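S.K.: Handing over structure_13.txt, compact mmCIF, N, CA and C atoms.
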# COMPACT_ATOMS: atom_id res chain seq x y z
N MET A 30 274.49 63.87 145.62
CA MET A 30 275.66 64.12 144.81
C MET A 30 275.23 64.91 143.58
N SER A 31 275.96 65.97 143.26
CA SER A 31 275.59 66.80 142.12
C SER A 31 276.02 66.13 140.82
N GLY A 32 275.48 66.63 139.69
CA GLY A 32 275.81 66.09 138.39
C GLY A 32 277.30 66.19 138.10
N ALA A 33 277.94 67.29 138.54
CA ALA A 33 279.37 67.47 138.31
C ALA A 33 280.17 66.40 139.03
N ASP A 34 279.68 65.96 140.19
CA ASP A 34 280.40 64.95 140.96
C ASP A 34 280.30 63.58 140.33
N ARG A 35 279.33 63.33 139.47
CA ARG A 35 279.14 62.03 138.84
C ARG A 35 279.88 61.90 137.52
N ARG A 36 280.47 62.97 137.01
CA ARG A 36 281.14 62.93 135.72
C ARG A 36 282.40 62.08 135.79
N ASP A 37 282.66 61.35 134.69
CA ASP A 37 283.89 60.57 134.59
C ASP A 37 285.08 61.46 134.25
N THR A 38 284.85 62.50 133.46
CA THR A 38 285.92 63.41 133.08
C THR A 38 285.45 64.84 133.28
N GLN A 39 286.38 65.73 133.56
CA GLN A 39 286.04 67.12 133.79
C GLN A 39 285.80 67.84 132.47
N ARG A 40 284.75 68.64 132.43
CA ARG A 40 284.47 69.42 131.23
C ARG A 40 285.35 70.67 131.23
N LYS A 41 285.74 71.09 130.04
CA LYS A 41 286.56 72.28 129.86
C LYS A 41 285.73 73.33 129.14
N PRO A 42 285.95 74.61 129.46
CA PRO A 42 285.19 75.66 128.76
C PRO A 42 285.57 75.72 127.29
N VAL A 43 284.65 75.30 126.45
CA VAL A 43 284.85 75.29 125.00
C VAL A 43 283.54 75.74 124.36
N GLN A 44 283.62 76.81 123.57
CA GLN A 44 282.43 77.30 122.89
C GLN A 44 282.52 76.93 121.41
N VAL A 45 281.65 76.01 121.01
CA VAL A 45 281.53 75.61 119.61
C VAL A 45 280.04 75.60 119.24
N ARG A 46 279.79 75.79 117.98
CA ARG A 46 278.41 75.73 117.50
C ARG A 46 277.89 74.30 117.64
N VAL A 47 276.66 74.17 118.10
CA VAL A 47 276.02 72.86 118.24
C VAL A 47 274.64 72.94 117.60
N ASP A 48 274.38 72.07 116.63
CA ASP A 48 273.07 71.99 115.97
C ASP A 48 272.38 70.73 116.47
N TYR A 49 271.06 70.80 116.64
CA TYR A 49 270.32 69.61 117.07
C TYR A 49 268.86 69.75 116.71
N HIS A 50 268.15 68.63 116.70
CA HIS A 50 266.72 68.59 116.43
C HIS A 50 266.01 68.30 117.74
N HIS A 51 264.90 69.03 117.96
CA HIS A 51 264.07 68.76 119.14
C HIS A 51 262.64 69.20 118.84
N ASP A 52 261.71 68.34 119.14
CA ASP A 52 260.28 68.62 118.92
C ASP A 52 260.00 69.10 117.49
N GLY A 53 260.66 68.49 116.51
CA GLY A 53 260.44 68.83 115.11
C GLY A 53 261.13 70.10 114.66
N ASN A 54 261.91 70.73 115.53
CA ASN A 54 262.60 71.97 115.18
C ASN A 54 264.10 71.71 115.04
N TYR A 55 264.72 72.38 114.08
CA TYR A 55 266.17 72.35 113.91
C TYR A 55 266.71 73.55 114.65
N LEU A 56 267.54 73.32 115.66
CA LEU A 56 268.01 74.39 116.52
C LEU A 56 269.52 74.54 116.41
N ILE A 57 269.98 75.79 116.53
CA ILE A 57 271.40 76.11 116.50
C ILE A 57 271.73 76.80 117.81
N SER A 58 272.76 76.31 118.49
CA SER A 58 273.17 76.89 119.75
C SER A 58 274.68 76.81 119.87
N TYR A 59 275.18 76.99 121.08
CA TYR A 59 276.61 76.90 121.36
C TYR A 59 276.83 76.14 122.65
N SER A 60 278.00 75.50 122.72
CA SER A 60 278.35 74.81 123.95
C SER A 60 278.91 75.81 124.95
N ARG A 61 278.78 75.47 126.22
CA ARG A 61 279.44 76.23 127.28
C ARG A 61 280.72 75.52 127.69
N ASP A 62 280.62 74.19 127.75
CA ASP A 62 281.78 73.38 128.08
C ASP A 62 281.63 72.02 127.43
N LEU A 63 282.76 71.31 127.38
CA LEU A 63 282.80 70.06 126.61
C LEU A 63 283.80 69.12 127.25
N SER A 64 283.48 67.84 127.20
CA SER A 64 284.41 66.79 127.61
C SER A 64 284.23 65.63 126.63
N PRO A 65 285.08 64.63 126.70
CA PRO A 65 284.88 63.47 125.84
C PRO A 65 283.62 62.67 126.20
N ASP A 66 283.01 62.99 127.34
CA ASP A 66 281.82 62.28 127.79
C ASP A 66 280.52 63.05 127.61
N GLY A 67 280.61 64.39 127.45
CA GLY A 67 279.38 65.15 127.36
C GLY A 67 279.63 66.62 127.08
N VAL A 68 278.52 67.37 127.05
CA VAL A 68 278.57 68.78 126.68
C VAL A 68 277.43 69.51 127.39
N PHE A 69 277.64 70.79 127.69
CA PHE A 69 276.55 71.66 128.15
C PHE A 69 276.20 72.55 126.98
N VAL A 70 274.93 72.51 126.55
CA VAL A 70 274.46 73.30 125.42
C VAL A 70 273.60 74.44 125.95
N CYS A 71 273.95 75.66 125.55
CA CYS A 71 273.20 76.84 125.95
C CYS A 71 271.89 76.91 125.16
N THR A 72 270.78 77.01 125.86
CA THR A 72 269.48 77.15 125.21
C THR A 72 268.46 77.63 126.23
N PRO A 73 267.59 78.56 125.85
CA PRO A 73 266.55 79.00 126.79
C PRO A 73 265.42 77.98 126.93
N ASP A 74 265.39 76.99 126.04
CA ASP A 74 264.32 75.99 126.04
C ASP A 74 264.92 74.58 126.00
N PRO A 75 265.49 74.12 127.12
CA PRO A 75 266.13 72.80 127.11
C PRO A 75 265.13 71.66 126.95
N ALA A 76 265.59 70.59 126.35
CA ALA A 76 264.77 69.37 126.24
C ALA A 76 264.67 68.75 127.63
N PRO A 77 263.61 68.01 127.89
CA PRO A 77 263.45 67.38 129.20
C PRO A 77 264.54 66.35 129.49
N VAL A 78 264.88 66.20 130.76
CA VAL A 78 265.83 65.18 131.18
C VAL A 78 265.34 63.83 130.68
N GLY A 79 266.27 63.04 130.14
CA GLY A 79 265.95 61.73 129.59
C GLY A 79 265.77 61.74 128.08
N THR A 80 265.63 62.92 127.48
CA THR A 80 265.47 63.03 126.03
C THR A 80 266.77 62.68 125.33
N THR A 81 266.68 61.93 124.26
CA THR A 81 267.85 61.61 123.44
C THR A 81 267.83 62.51 122.21
N LEU A 82 268.97 63.17 121.96
CA LEU A 82 269.11 64.10 120.85
C LEU A 82 270.29 63.70 119.97
N THR A 83 270.26 64.11 118.72
CA THR A 83 271.41 63.99 117.85
C THR A 83 272.02 65.37 117.72
N LEU A 84 273.29 65.48 118.09
CA LEU A 84 274.01 66.75 118.03
C LEU A 84 274.97 66.73 116.85
N VAL A 85 275.14 67.88 116.21
CA VAL A 85 276.10 68.02 115.13
C VAL A 85 276.96 69.23 115.47
N PHE A 86 278.29 69.03 115.47
CA PHE A 86 279.18 70.16 115.70
C PHE A 86 280.52 69.92 115.02
N PRO A 87 281.26 71.04 114.80
CA PRO A 87 282.53 70.92 114.07
C PRO A 87 283.63 70.34 114.95
N VAL A 88 284.43 69.47 114.36
CA VAL A 88 285.63 68.96 115.02
C VAL A 88 286.73 68.98 113.97
N GLU A 89 287.82 69.62 114.30
CA GLU A 89 288.92 69.76 113.35
C GLU A 89 289.35 68.40 112.80
N GLY A 90 289.55 68.36 111.51
CA GLY A 90 289.97 67.12 110.86
C GLY A 90 288.80 66.27 110.39
N LEU A 91 287.62 66.46 111.00
CA LEU A 91 286.44 65.69 110.61
C LEU A 91 285.35 66.59 110.05
N HIS A 92 285.58 67.88 110.04
CA HIS A 92 284.62 68.90 109.61
C HIS A 92 283.45 68.97 110.57
N GLU A 93 282.53 68.04 110.49
CA GLU A 93 281.40 67.99 111.42
C GLU A 93 281.21 66.56 111.88
N ILE A 94 280.79 66.42 113.12
CA ILE A 94 280.46 65.09 113.60
C ILE A 94 279.02 65.09 114.10
N SER A 95 278.44 63.94 114.08
CA SER A 95 277.09 63.75 114.58
C SER A 95 277.18 62.73 115.70
N VAL A 96 276.67 63.09 116.88
CA VAL A 96 276.71 62.20 118.03
C VAL A 96 275.34 62.15 118.68
N THR A 97 275.07 61.03 119.31
CA THR A 97 273.84 60.88 120.08
C THR A 97 274.15 61.21 121.52
N ALA A 98 273.25 61.95 122.16
CA ALA A 98 273.45 62.33 123.56
C ALA A 98 272.10 62.34 124.27
N THR A 99 272.16 62.09 125.56
CA THR A 99 270.97 62.09 126.40
C THR A 99 271.03 63.27 127.37
N VAL A 100 269.92 63.98 127.52
CA VAL A 100 269.85 65.09 128.47
C VAL A 100 269.88 64.50 129.88
N VAL A 101 270.90 64.89 130.65
CA VAL A 101 271.02 64.40 132.02
C VAL A 101 270.77 65.49 133.05
N TRP A 102 270.72 66.75 132.61
CA TRP A 102 270.45 67.86 133.53
C TRP A 102 269.87 69.03 132.76
N ALA A 103 268.89 69.66 133.35
CA ALA A 103 268.32 70.92 132.85
C ALA A 103 267.80 71.67 134.07
N PRO A 104 267.88 73.00 134.06
CA PRO A 104 267.41 73.75 135.23
C PRO A 104 265.90 73.64 135.38
N ASN A 105 265.45 73.69 136.61
CA ASN A 105 264.01 73.70 136.88
C ASN A 105 263.42 75.02 136.40
N PRO A 106 262.15 75.03 135.99
CA PRO A 106 261.50 76.29 135.60
C PRO A 106 261.63 77.32 136.71
N GLY A 107 261.98 78.53 136.34
CA GLY A 107 262.13 79.61 137.31
C GLY A 107 263.49 79.63 137.99
N SER A 108 264.36 78.69 137.66
CA SER A 108 265.68 78.62 138.25
C SER A 108 266.54 79.79 137.79
N THR A 109 267.52 80.16 138.61
CA THR A 109 268.46 81.21 138.23
C THR A 109 269.72 80.62 137.59
N ALA A 110 269.74 79.30 137.39
CA ALA A 110 270.89 78.65 136.75
C ALA A 110 270.98 79.08 135.29
N GLU A 111 272.19 78.97 134.72
CA GLU A 111 272.37 79.31 133.31
C GLU A 111 271.40 78.51 132.45
N PRO A 112 270.80 79.15 131.46
CA PRO A 112 269.85 78.43 130.61
C PRO A 112 270.57 77.43 129.71
N GLY A 113 270.14 76.20 129.74
CA GLY A 113 270.76 75.20 128.90
C GLY A 113 270.48 73.80 129.40
N MET A 114 271.28 72.86 128.89
CA MET A 114 271.08 71.46 129.27
C MET A 114 272.42 70.73 129.23
N GLY A 115 272.61 69.86 130.20
CA GLY A 115 273.78 69.01 130.24
C GLY A 115 273.47 67.70 129.55
N LEU A 116 274.31 67.31 128.61
CA LEU A 116 274.09 66.09 127.84
C LEU A 116 275.26 65.13 128.00
N GLN A 117 274.94 63.85 128.03
CA GLN A 117 275.96 62.81 128.08
C GLN A 117 275.94 62.07 126.75
N PHE A 118 277.14 61.92 126.14
CA PHE A 118 277.23 61.22 124.87
C PHE A 118 276.91 59.74 125.06
N VAL A 119 276.28 59.15 124.04
CA VAL A 119 275.88 57.75 124.07
C VAL A 119 276.71 56.97 123.06
N ASP A 120 277.37 55.91 123.50
CA ASP A 120 278.11 55.00 122.62
C ASP A 120 279.03 55.74 121.64
N LEU A 121 279.86 56.62 122.18
CA LEU A 121 280.78 57.40 121.35
C LEU A 121 281.94 56.53 120.88
N PRO A 122 282.13 56.37 119.56
CA PRO A 122 283.25 55.57 119.05
C PRO A 122 284.60 56.18 119.47
N ASP A 123 285.62 55.35 119.61
CA ASP A 123 286.93 55.81 120.06
C ASP A 123 287.49 56.91 119.17
N ALA A 124 287.29 56.81 117.84
CA ALA A 124 287.81 57.83 116.93
C ALA A 124 287.19 59.20 117.21
N LEU A 125 285.88 59.23 117.50
CA LEU A 125 285.22 60.50 117.83
C LEU A 125 285.66 61.01 119.19
N ARG A 126 285.84 60.11 120.14
CA ARG A 126 286.32 60.49 121.47
C ARG A 126 287.70 61.14 121.35
N ASP A 127 288.58 60.55 120.54
CA ASP A 127 289.91 61.11 120.32
C ASP A 127 289.83 62.48 119.65
N ALA A 128 288.93 62.62 118.68
CA ALA A 128 288.75 63.91 118.00
C ALA A 128 288.26 64.97 118.97
N LEU A 129 287.36 64.60 119.88
CA LEU A 129 286.88 65.54 120.90
C LEU A 129 288.00 65.96 121.83
N LEU A 130 288.83 65.01 122.25
CA LEU A 130 289.97 65.35 123.10
C LEU A 130 290.90 66.34 122.41
N GLU A 131 291.13 66.12 121.11
CA GLU A 131 291.97 67.03 120.34
C GLU A 131 291.34 68.42 120.27
N LEU A 132 290.04 68.47 120.02
CA LEU A 132 289.32 69.75 119.97
C LEU A 132 289.44 70.48 121.30
N ILE A 133 289.21 69.78 122.38
CA ILE A 133 289.26 70.38 123.71
C ILE A 133 290.64 70.97 123.99
N HIS A 134 291.69 70.28 123.56
CA HIS A 134 293.05 70.76 123.80
C HIS A 134 293.46 71.91 122.88
N ARG A 135 292.80 72.06 121.74
CA ARG A 135 293.21 73.06 120.76
C ARG A 135 292.40 74.34 120.79
N VAL A 136 291.17 74.28 121.28
CA VAL A 136 290.30 75.45 121.21
C VAL A 136 290.70 76.47 122.27
N ALA A 137 290.91 77.68 121.84
CA ALA A 137 291.16 78.78 122.77
C ALA A 137 289.84 79.44 123.07
N VAL A 138 289.53 79.56 124.33
CA VAL A 138 288.26 80.14 124.73
C VAL A 138 288.44 81.65 124.86
N LEU A 139 287.57 82.38 124.18
CA LEU A 139 287.61 83.84 124.26
C LEU A 139 287.12 84.29 125.62
N ALA A 140 287.72 85.37 126.11
CA ALA A 140 287.30 85.93 127.40
C ALA A 140 285.87 86.42 127.28
N GLU A 141 285.16 86.39 128.39
CA GLU A 141 283.78 86.87 128.38
C GLU A 141 283.75 88.33 127.97
N VAL A 142 282.70 88.71 127.28
CA VAL A 142 282.51 90.09 126.84
C VAL A 142 282.35 90.98 128.06
N ASP A 143 282.77 92.22 127.96
CA ASP A 143 282.75 93.15 129.09
C ASP A 143 281.35 93.39 129.65
N THR A 144 280.31 92.89 129.01
CA THR A 144 278.95 93.10 129.51
C THR A 144 278.71 92.30 130.77
N GLY A 145 279.61 91.37 131.08
CA GLY A 145 279.45 90.56 132.28
C GLY A 145 278.56 89.36 132.09
N THR A 146 278.20 89.08 130.85
CA THR A 146 277.34 87.91 130.62
C THR A 146 278.20 86.67 130.52
N GLY A 147 277.62 85.55 130.91
CA GLY A 147 278.31 84.28 130.82
C GLY A 147 278.20 83.71 129.43
N PRO A 148 278.78 82.54 129.21
CA PRO A 148 278.76 81.94 127.88
C PRO A 148 277.38 81.64 127.34
N CYS A 149 276.40 81.51 128.22
CA CYS A 149 275.04 81.23 127.78
C CYS A 149 274.16 82.47 127.81
N GLY A 150 274.78 83.63 127.98
CA GLY A 150 274.02 84.87 127.93
C GLY A 150 273.47 85.32 129.27
N SER A 151 273.77 84.59 130.36
CA SER A 151 273.26 85.00 131.67
C SER A 151 274.27 85.90 132.35
N ALA A 152 273.84 86.54 133.40
CA ALA A 152 274.71 87.43 134.15
C ALA A 152 275.61 86.65 135.08
If you convert what's in this file into structure tokens, what do you get?
M.R.:
Amino acid sequence: MSGADRRDTQRKPVQVRVDYHHDGNYLISYSRDLSPDGVFVCTPDPAPVGTTLTLVFPVEGLHEISVTATVVWAPNPGSTAEPGMGLQFVDLPDALRDALLELIHRVAVLAEVDTGTGPCGSA
């Protein structure tokens, strides 16, 4: 069963800035998609599966939120999959879950640039 088949809720294409710490580095990236249960973060250097990260991103009405998430998927080295990592939120409070649902419903996703690249910069 693929990771998408195990999700409780379907992710929607939402591009928002996502900041996180990994291996002592402060990193800034963007989401490819988002659900109240998790997010796909675009990055050429994903954290290993099982890693717990703290993510910070903007949510309307709350300015920025900080959530804990665990890496549940990352492409194998040499894979042609989009560069990034799939994360599942850990112990998300109901108020933050509701704010994420509101964000998902309000964000308009811009069409891909004519270069043919995907949201994570891949073809």
S.K.: Tell me which of A:Pro42, A:Val68, A:Ser60, A:Val78 sits closest to A:Gly115, counting only N, CA and C atoms.
M.R.: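 The answer is A:Val68, which sits nearest to A:Gly115.
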S.K.: Could you please determine the separation between atom C of A:Thr83 and atom C of A:Gly113 in Å, to one decimal place?
M.R.: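 The value is 14.5 Å.
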S.K.: Just want the 8 Å neighbourhood of stretch 90-106 of chain A, counted on only C-alpha atoms, with same-chain residues fewer than 3 positions away dropped. Output as a list in words.
M.R.: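 Using only C-alpha atoms, the neighbours found are Gly32, Gly67, Pro75, Ala76, Pro77, Val78, Gly79, Thr80, Thr81, Leu82, Thr83, Leu84, Val85, Phe86, Pro87, Ala110, Glu111, Pro112, Gly113, Met114, Gly115, Leu116, Gln117, Phe118, Val119, Asp120, Leu121, Leu125 and Ala128 of chain A.
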S.K.: Rounded to one decimal in Å, what is the spacing between atom N of A:Arg40 and atom C of A:Leu63?
M.R.: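 One can read the atom N of A:Arg40 to atom C of A:Leu63 distance as 5.3 Å.
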S.K.: For A:Val47, which residue out of A:Tyr59, A:Asp66, A:Ala124, A:Gly107 is the nearest one, using only N, CA and C atoms?
M.R.: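 The shortest atom-to-atom distance to A:Val47 comes from A:Tyr59.
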S.K.: Tell me, which residues of stretch 57-134 of chain A carry DSSP helix (DSSP H, G or I), written as a PyMOL selection string?
M.R.: chain A and resi 123-134
S.K.: Atom CA of A:Cys149 to atom CA of A:Cys71: how many Å, to one decimal?
M.R.: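 Those two atoms sit 5.1 Å apart.
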